[in-house]
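Here is data08.cif, consisting of mmCIF, C-alpha atoms:
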```cif
data_my_file
loop_
_atom_site.label_atom_id
_atom_site.label_comp_id
_atom_site.auth_asym_id
_atom_site.auth_seq_id
_atom_site.Cartn_x
_atom_site.Cartn_y
_atom_site.Cartn_z
CA MET A 185 -98.38 -25.69 93.64
CA LEU A 186 -97.30 -26.99 97.06
CA THR A 187 -97.63 -23.48 98.50
CA GLN A 188 -101.20 -23.27 97.20
CA SER A 189 -102.02 -26.68 98.65
CA ILE A 190 -100.70 -25.67 102.07
CA GLU A 191 -102.61 -22.39 101.90
CA ASN A 192 -105.82 -24.25 101.03
CA LEU A 193 -105.28 -26.66 103.92
CA LEU A 194 -104.73 -23.84 106.43
CA ASN A 195 -107.74 -21.90 105.20
CA ARG A 196 -109.91 -25.02 105.29
CA ASN A 197 -109.03 -25.48 108.97
CA LEU A 198 -109.41 -21.81 109.89
CA PRO A 199 -113.23 -21.73 110.40
CA ARG A 200 -112.98 -24.74 112.73
CA SER A 201 -111.24 -22.72 115.44
CA PRO A 202 -112.79 -19.58 116.93
CA ARG A 203 -109.39 -18.64 118.41
CA ALA A 204 -107.72 -19.02 114.98
CA LEU A 205 -110.36 -16.76 113.42
CA GLU A 206 -109.80 -14.22 116.19
CA LEU A 207 -106.03 -14.28 115.66
CA CYS A 208 -106.39 -14.00 111.90
CA ALA A 209 -108.64 -10.94 112.23
CA HIS A 210 -106.24 -9.39 114.77
CA LEU A 211 -103.24 -10.02 112.49
CA ALA A 212 -104.97 -8.81 109.30
CA GLY A 213 -102.41 -7.06 107.13
CA GLN A 214 -99.44 -8.47 109.09
CA ARG A 215 -96.84 -10.61 107.39
CA VAL A 216 -94.22 -13.03 108.67
CA ARG A 217 -91.31 -14.27 106.56
CA VAL A 218 -90.07 -17.81 107.25
CA GLU A 219 -86.75 -19.02 105.89
CA ALA A 220 -85.56 -22.62 106.02
CA ARG A 221 -81.79 -22.19 106.22
CA GLY A 222 -79.73 -24.35 103.95
CA LEU A 223 -82.62 -25.01 101.59
CA GLY A 224 -83.06 -21.58 100.05
CA TRP A 225 -86.76 -21.89 100.89
CA VAL A 226 -88.62 -18.72 101.87
CA LEU A 227 -92.32 -18.53 102.61
CA VAL A 228 -94.27 -15.42 103.54
CA ALA A 229 -97.54 -15.79 105.44
CA GLU A 230 -99.95 -12.87 105.41
CA CYS A 231 -103.13 -12.71 107.41
CA LEU A 232 -106.20 -11.34 105.73
CA PRO A 233 -109.35 -10.68 107.79
CA THR A 234 -110.69 -14.23 107.33
CA SER A 235 -107.92 -16.16 105.58
CA ILE A 236 -104.19 -16.65 105.18
CA ARG A 237 -102.20 -16.04 102.02
CA LEU A 238 -98.86 -17.78 101.41
CA THR A 239 -96.30 -16.66 98.87
CA LYS A 240 -92.84 -17.94 98.04
CA ASN A 241 -89.71 -15.80 97.88
CA ASP A 242 -91.66 -12.59 98.48
CA THR A 243 -89.34 -9.66 99.17
CA ASP A 244 -91.90 -7.18 100.55
CA PRO A 245 -91.30 -6.17 104.18
CA ALA A 246 -92.66 -8.39 106.93
CA ALA A 247 -93.37 -7.53 110.57
CA ALA A 248 -91.27 -10.50 111.67
CA GLU A 249 -88.70 -12.81 110.13
CA ILE A 250 -88.08 -16.32 111.39
CA SER A 251 -85.20 -18.46 110.17
CA GLY A 252 -83.81 -21.86 111.06
CA SER A 253 -83.34 -25.35 109.73
CA LEU A 254 -86.48 -27.13 108.62
CA MET A 255 -86.38 -29.35 111.72
CA SER A 256 -85.89 -26.36 114.04
CA LEU A 257 -88.80 -24.53 112.45
CA ALA A 258 -90.97 -27.61 112.91
CA ALA A 259 -89.90 -27.77 116.56
CA LEU A 260 -91.47 -24.34 117.11
CA ALA A 261 -94.85 -26.07 116.90
CA GLY A 262 -93.83 -28.43 119.69
CA PRO A 263 -94.43 -28.12 123.41
CA HIS A 264 -91.28 -26.07 124.18
CA PRO A 265 -90.68 -23.48 121.43
CA GLU A 266 -88.84 -21.18 123.83
CA GLU A 267 -86.07 -23.80 124.17
CA VAL A 268 -85.59 -23.88 120.39
CA ILE A 269 -85.21 -20.11 120.38
CA ARG A 270 -83.00 -20.02 123.50
CA ARG A 271 -80.60 -22.55 121.94
CA GLY A 272 -80.30 -20.31 118.88
CA ASP A 273 -81.68 -22.98 116.55
CA VAL A 274 -84.19 -20.42 115.30
CA THR A 275 -83.67 -16.69 114.86
CA ILE A 276 -86.52 -14.19 115.13
CA ARG A 277 -86.09 -10.62 113.92
CA GLY A 278 -88.64 -7.84 114.02
CA ASP A 279 -91.85 -7.88 116.03
CA ALA A 280 -91.62 -10.85 118.41
CA GLU A 281 -95.29 -10.50 119.41
CA VAL A 282 -96.42 -10.83 115.79
CA ALA A 283 -94.13 -13.86 115.38
CA GLN A 284 -95.63 -15.44 118.52
CA LYS A 285 -99.19 -14.88 117.31
CA PHE A 286 -98.39 -16.41 113.92
CA ARG A 287 -96.87 -19.39 115.76
CA GLU A 288 -100.03 -19.79 117.80
CA LEU A 289 -102.12 -19.55 114.64
CA ALA A 290 -99.98 -22.19 112.91
CA VAL A 291 -100.37 -24.56 115.86
CA LEU A 292 -104.14 -24.06 115.86
CA LEU A 293 -104.33 -24.74 112.13
CA GLU A 294 -102.07 -27.79 112.16
CA PRO A 295 -103.93 -30.44 110.22
CA GLY A 296 -104.74 -33.83 111.65
CA VAL A 297 -102.80 -36.39 109.63
CA GLU A 298 -105.60 -38.97 109.73
CA GLU A 299 -108.20 -36.45 108.60
CA GLU A 300 -106.07 -35.22 105.70
CA LEU A 301 -105.23 -38.75 104.57
CA SER A 302 -108.93 -39.55 104.49
CA ARG A 303 -109.43 -36.76 101.96
#
```

Kindly transcribe the structure held in the file into structure tokens.
Amino acid sequence: MLTQSIENLLNRNLPRSPRALELCAHLAGQRVRVEARGLGWVLVAECLPTSIRLTKNDTDPAAAEISGSLMSLAALAGPHPEEVIRRGDVTIRGDAEVAQKFRELAVLLEPGVEEELSR
């Protein structure tokens, strides 16, 4: 249920950003697997031509795999993601370019807290 809510939120924000729509179309068919170490939490994000699909604990292959603590994963959306990676707080395996584009997409789709609370 939480996964579906997050997916709805991301897809609601997608049409608001031309760059996000461009990235989504470019990444169509690509998947990234995100693992929060220590929590046993795995989320797979897949870009479709005009939307994003999220699934939990999906074992199908992904172009890139990103793993780290929940706080380290959140820090990837901050101003200095390269420092998080350089310190080894987050591990990226597979296609680093796909991982970077998914990161950019996630930052573009980050919801405004005030706006979401007003809903």

Residues matched by the PyMOL selection byres ((chain A and resi 194) around 8) as number ranges by chain: A: 190-193, 195-198, 236, 293-295

Nearest to A:Leu227 by atom-to-atom distance, counting all atoms listed in the file, from A:Ala258, A:Arg200, A:Thr187, A:His210: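 Using all atoms listed in the file, A:Leu227 sits closest to A:Thr187.
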
For A:Ile269, list every protein, DNA or RNA residue within 10 Å, evaluated using all atoms listed in the file, and leave out those in the same chain fewer than 4 positions away; present the list as a list in words.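 Here the qualifying residues turn out to be Gly252, Ser256, Leu257, Ala259, Leu260, His264, Pro265, Asp273, Val274, Thr275 and Ile276 of chain A.
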
Distance in Å - atom CA of A:Leu289 versus atom CA of A:Arg221: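 Atom CA of A:Leu289 sits 22.2 Å away from atom CA of A:Arg221.
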
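In this model, the gap between atom CA of A:Cys231 and atom CA of A:Ala209 comes to 7.5 Å.
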
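Between A:Ala283 and the residues A:Gln214, A:Ser235, A:Gln188, A:Ser201, the shortest atom-to-atom distance, using all atoms listed in the file, involves A:Gln214.
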
For A:Glu281, work out the shell of residues within 9 Å, counting all atoms listed in the file and skipping chain neighbours fewer than 4 positions away, then give it as a PyMOL selection string. chain A and resi 248+285-286

What do you get, as an MDAnalysis selection string, if you spell out every residue that the PyMOL selection byres ((chain A and resi 228) around 6) selects here? chainID A and resid 216:217 227 229 238:239

Taken to one decimal, the atom CA of A:Leu186-atom CA of A:Gly224 distance is 15.5 Å

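Among the candidates A:Leu207, A:Lys240, A:Ala246, A:Ser253, the one nearest to A:Leu223 when counting all atoms listed in the file is A:Ser253.
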
A:Arg215, A:Arg270, A:Glu206, A:Trp225 ranked by distance to A:Arg237, top pick (using all atoms listed in the file):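 Smallest distance to A:Arg237 is found for A:Arg215.
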
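Remark: for A:Leu232, the closest of the candidate residues A:Ala204, A:Ala247, A:Val282, A:Ala212 is A:Ala212 (distances computed over only C-alpha atoms).
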
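Proximity to A:Glu219 was assessed for A:Gln284, A:Ser189, A:Thr234, A:Asn241 counting all atoms listed in the file; the smallest distance is recorded for A:Asn241.
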
Completion step: stretch 207-218 of chain A with all heavy atoms as a PDB file, in the coordinates of the input:
```
ATOM      1  N   LEU A 207    -107.415 -14.651 115.942  1.00  0.00           N
ATOM      2  CA  LEU A 207    -106.030 -14.280 115.660  1.00  0.00           C
ATOM      3  C   LEU A 207    -105.866 -13.750 114.243  1.00  0.00           C
ATOM      4  O   LEU A 207    -105.167 -12.757 114.018  1.00  0.00           O
ATOM      5  CB  LEU A 207    -105.103 -15.483 115.857  1.00  0.00           C
ATOM      6  CG  LEU A 207    -104.694 -15.797 117.277  1.00  0.00           C
ATOM      7  CD1 LEU A 207    -104.016 -17.160 117.340  1.00  0.00           C
ATOM      8  CD2 LEU A 207    -103.772 -14.726 117.822  1.00  0.00           C
ATOM      9  N   CYS A 208    -106.500 -14.411 113.297  1.00  0.00           N
ATOM     10  CA  CYS A 208    -106.390 -14.000 111.900  1.00  0.00           C
ATOM     11  C   CYS A 208    -106.923 -12.578 111.721  1.00  0.00           C
ATOM     12  O   CYS A 208    -106.288 -11.750 111.062  1.00  0.00           O
ATOM     13  CB  CYS A 208    -107.165 -14.995 111.021  1.00  0.00           C
ATOM     14  SG  CYS A 208    -106.718 -14.903 109.281  1.00  0.00           S
ATOM     15  N   ALA A 209    -108.070 -12.284 112.322  1.00  0.00           N
ATOM     16  CA  ALA A 209    -108.640 -10.940 112.230  1.00  0.00           C
ATOM     17  C   ALA A 209    -107.712  -9.923 112.896  1.00  0.00           C
ATOM     18  O   ALA A 209    -107.491  -8.828 112.368  1.00  0.00           O
ATOM     19  CB  ALA A 209    -110.021 -10.912 112.872  1.00  0.00           C
ATOM     20  N   HIS A 210    -107.147 -10.278 114.047  1.00  0.00           N
ATOM     21  CA  HIS A 210    -106.240  -9.390 114.770  1.00  0.00           C
ATOM     22  C   HIS A 210    -104.950  -9.122 113.966  1.00  0.00           C
ATOM     23  O   HIS A 210    -104.413  -8.017 113.991  1.00  0.00           O
ATOM     24  CB  HIS A 210    -105.896  -9.984 116.138  1.00  0.00           C
ATOM     25  CG  HIS A 210    -104.944  -9.156 116.925  1.00  0.00           C
ATOM     26  ND1 HIS A 210    -105.313  -7.989 117.555  1.00  0.00           N
ATOM     27  CD2 HIS A 210    -103.617  -9.309 117.174  1.00  0.00           C
ATOM     28  CE1 HIS A 210    -104.263  -7.465 118.147  1.00  0.00           C
ATOM     29  NE2 HIS A 210    -103.225  -8.251 117.940  1.00  0.00           N
ATOM     30  N   LEU A 211    -104.488 -10.133 113.255  1.00  0.00           N
ATOM     31  CA  LEU A 211    -103.240 -10.020 112.490  1.00  0.00           C
ATOM     32  C   LEU A 211    -103.457  -9.537 111.060  1.00  0.00           C
ATOM     33  O   LEU A 211    -102.490  -9.459 110.296  1.00  0.00           O
ATOM     34  CB  LEU A 211    -102.536 -11.384 112.455  1.00  0.00           C
ATOM     35  CG  LEU A 211    -101.910 -11.853 113.757  1.00  0.00           C
ATOM     36  CD1 LEU A 211    -101.540 -13.336 113.668  1.00  0.00           C
ATOM     37  CD2 LEU A 211    -100.694 -11.010 114.113  1.00  0.00           C
ATOM     38  N   ALA A 212    -104.683  -9.218 110.690  1.00  0.00           N
ATOM     39  CA  ALA A 212    -104.970  -8.810 109.300  1.00  0.00           C
ATOM     40  C   ALA A 212    -104.002  -7.727 108.843  1.00  0.00           C
ATOM     41  O   ALA A 212    -103.796  -6.730 109.528  1.00  0.00           O
ATOM     42  CB  ALA A 212    -106.412  -8.331 109.192  1.00  0.00           C
ATOM     43  N   GLY A 213    -103.390  -7.976 107.700  1.00  0.00           N
ATOM     44  CA  GLY A 213    -102.410  -7.060 107.130  1.00  0.00           C
ATOM     45  C   GLY A 213    -100.984  -7.305 107.585  1.00  0.00           C
ATOM     46  O   GLY A 213    -100.048  -6.753 107.012  1.00  0.00           O
ATOM     47  N   GLN A 214    -100.787  -8.144 108.592  1.00  0.00           N
ATOM     48  CA  GLN A 214     -99.440  -8.470 109.090  1.00  0.00           C
ATOM     49  C   GLN A 214     -98.862  -9.620 108.275  1.00  0.00           C
ATOM     50  O   GLN A 214     -99.581 -10.503 107.818  1.00  0.00           O
ATOM     51  CB  GLN A 214     -99.490  -8.869 110.565  1.00  0.00           C
ATOM     52  CG  GLN A 214     -99.936  -7.761 111.477  1.00  0.00           C
ATOM     53  CD  GLN A 214     -98.857  -6.693 111.671  1.00  0.00           C
ATOM     54  OE1 GLN A 214     -97.707  -6.856 111.292  1.00  0.00           O
ATOM     55  NE2 GLN A 214     -99.248  -5.596 112.270  1.00  0.00           N
ATOM     56  N   ARG A 215     -97.550  -9.578 108.146  1.00  0.00           N
ATOM     57  CA  ARG A 215     -96.840 -10.610 107.390  1.00  0.00           C
ATOM     58  C   ARG A 215     -95.675 -11.139 108.208  1.00  0.00           C
ATOM     59  O   ARG A 215     -95.046 -10.386 108.949  1.00  0.00           O
ATOM     60  CB  ARG A 215     -96.309 -10.025 106.084  1.00  0.00           C
ATOM     61  CG  ARG A 215     -97.379  -9.503 105.181  1.00  0.00           C
ATOM     62  CD  ARG A 215     -96.854  -8.491 104.152  1.00  0.00           C
ATOM     63  NE  ARG A 215     -95.625  -8.857 103.518  1.00  0.00           N
ATOM     64  CZ  ARG A 215     -95.531  -9.508 102.359  1.00  0.00           C
ATOM     65  NH1 ARG A 215     -96.600  -9.840 101.710  1.00  0.00           N
ATOM     66  NH2 ARG A 215     -94.367  -9.808 101.842  1.00  0.00           N
ATOM     67  N   VAL A 216     -95.397 -12.428 108.052  1.00  0.00           N
ATOM     68  CA  VAL A 216     -94.220 -13.030 108.670  1.00  0.00           C
ATOM     69  C   VAL A 216     -93.475 -13.785 107.568  1.00  0.00           C
ATOM     70  O   VAL A 216     -94.082 -14.451 106.737  1.00  0.00           O
ATOM     71  CB  VAL A 216     -94.577 -13.934 109.871  1.00  0.00           C
ATOM     72  CG1 VAL A 216     -95.359 -15.142 109.450  1.00  0.00           C
ATOM     73  CG2 VAL A 216     -93.331 -14.332 110.638  1.00  0.00           C
ATOM     74  N   ARG A 217     -92.167 -13.621 107.566  1.00  0.00           N
ATOM     75  CA  ARG A 217     -91.310 -14.270 106.560  1.00  0.00           C
ATOM     76  C   ARG A 217     -90.584 -15.424 107.258  1.00  0.00           C
ATOM     77  O   ARG A 217     -89.951 -15.225 108.294  1.00  0.00           O
ATOM     78  CB  ARG A 217     -90.300 -13.263 106.040  1.00  0.00           C
ATOM     79  CG  ARG A 217     -89.408 -13.752 104.947  1.00  0.00           C
ATOM     80  CD  ARG A 217     -88.534 -12.560 104.468  1.00  0.00           C
ATOM     81  NE  ARG A 217     -87.824 -12.911 103.291  1.00  0.00           N
ATOM     82  CZ  ARG A 217     -86.604 -13.428 103.274  1.00  0.00           C
ATOM     83  NH1 ARG A 217     -85.980 -13.660 104.420  1.00  0.00           N
ATOM     84  NH2 ARG A 217     -86.011 -13.719 102.145  1.00  0.00           N
ATOM     85  N   VAL A 218     -90.695 -16.617 106.675  1.00  0.00           N
ATOM     86  CA  VAL A 218     -90.070 -17.810 107.250  1.00  0.00           C
ATOM     87  C   VAL A 218     -89.050 -18.348 106.261  1.00  0.00           C
ATOM     88  O   VAL A 218     -89.375 -18.620 105.111  1.00  0.00           O
ATOM     89  CB  VAL A 218     -91.138 -18.888 107.568  1.00  0.00           C
ATOM     90  CG1 VAL A 218     -90.483 -20.112 108.177  1.00  0.00           C
ATOM     91  CG2 VAL A 218     -92.218 -18.328 108.474  1.00  0.00           C
TER      92      VAL A 218
END
```
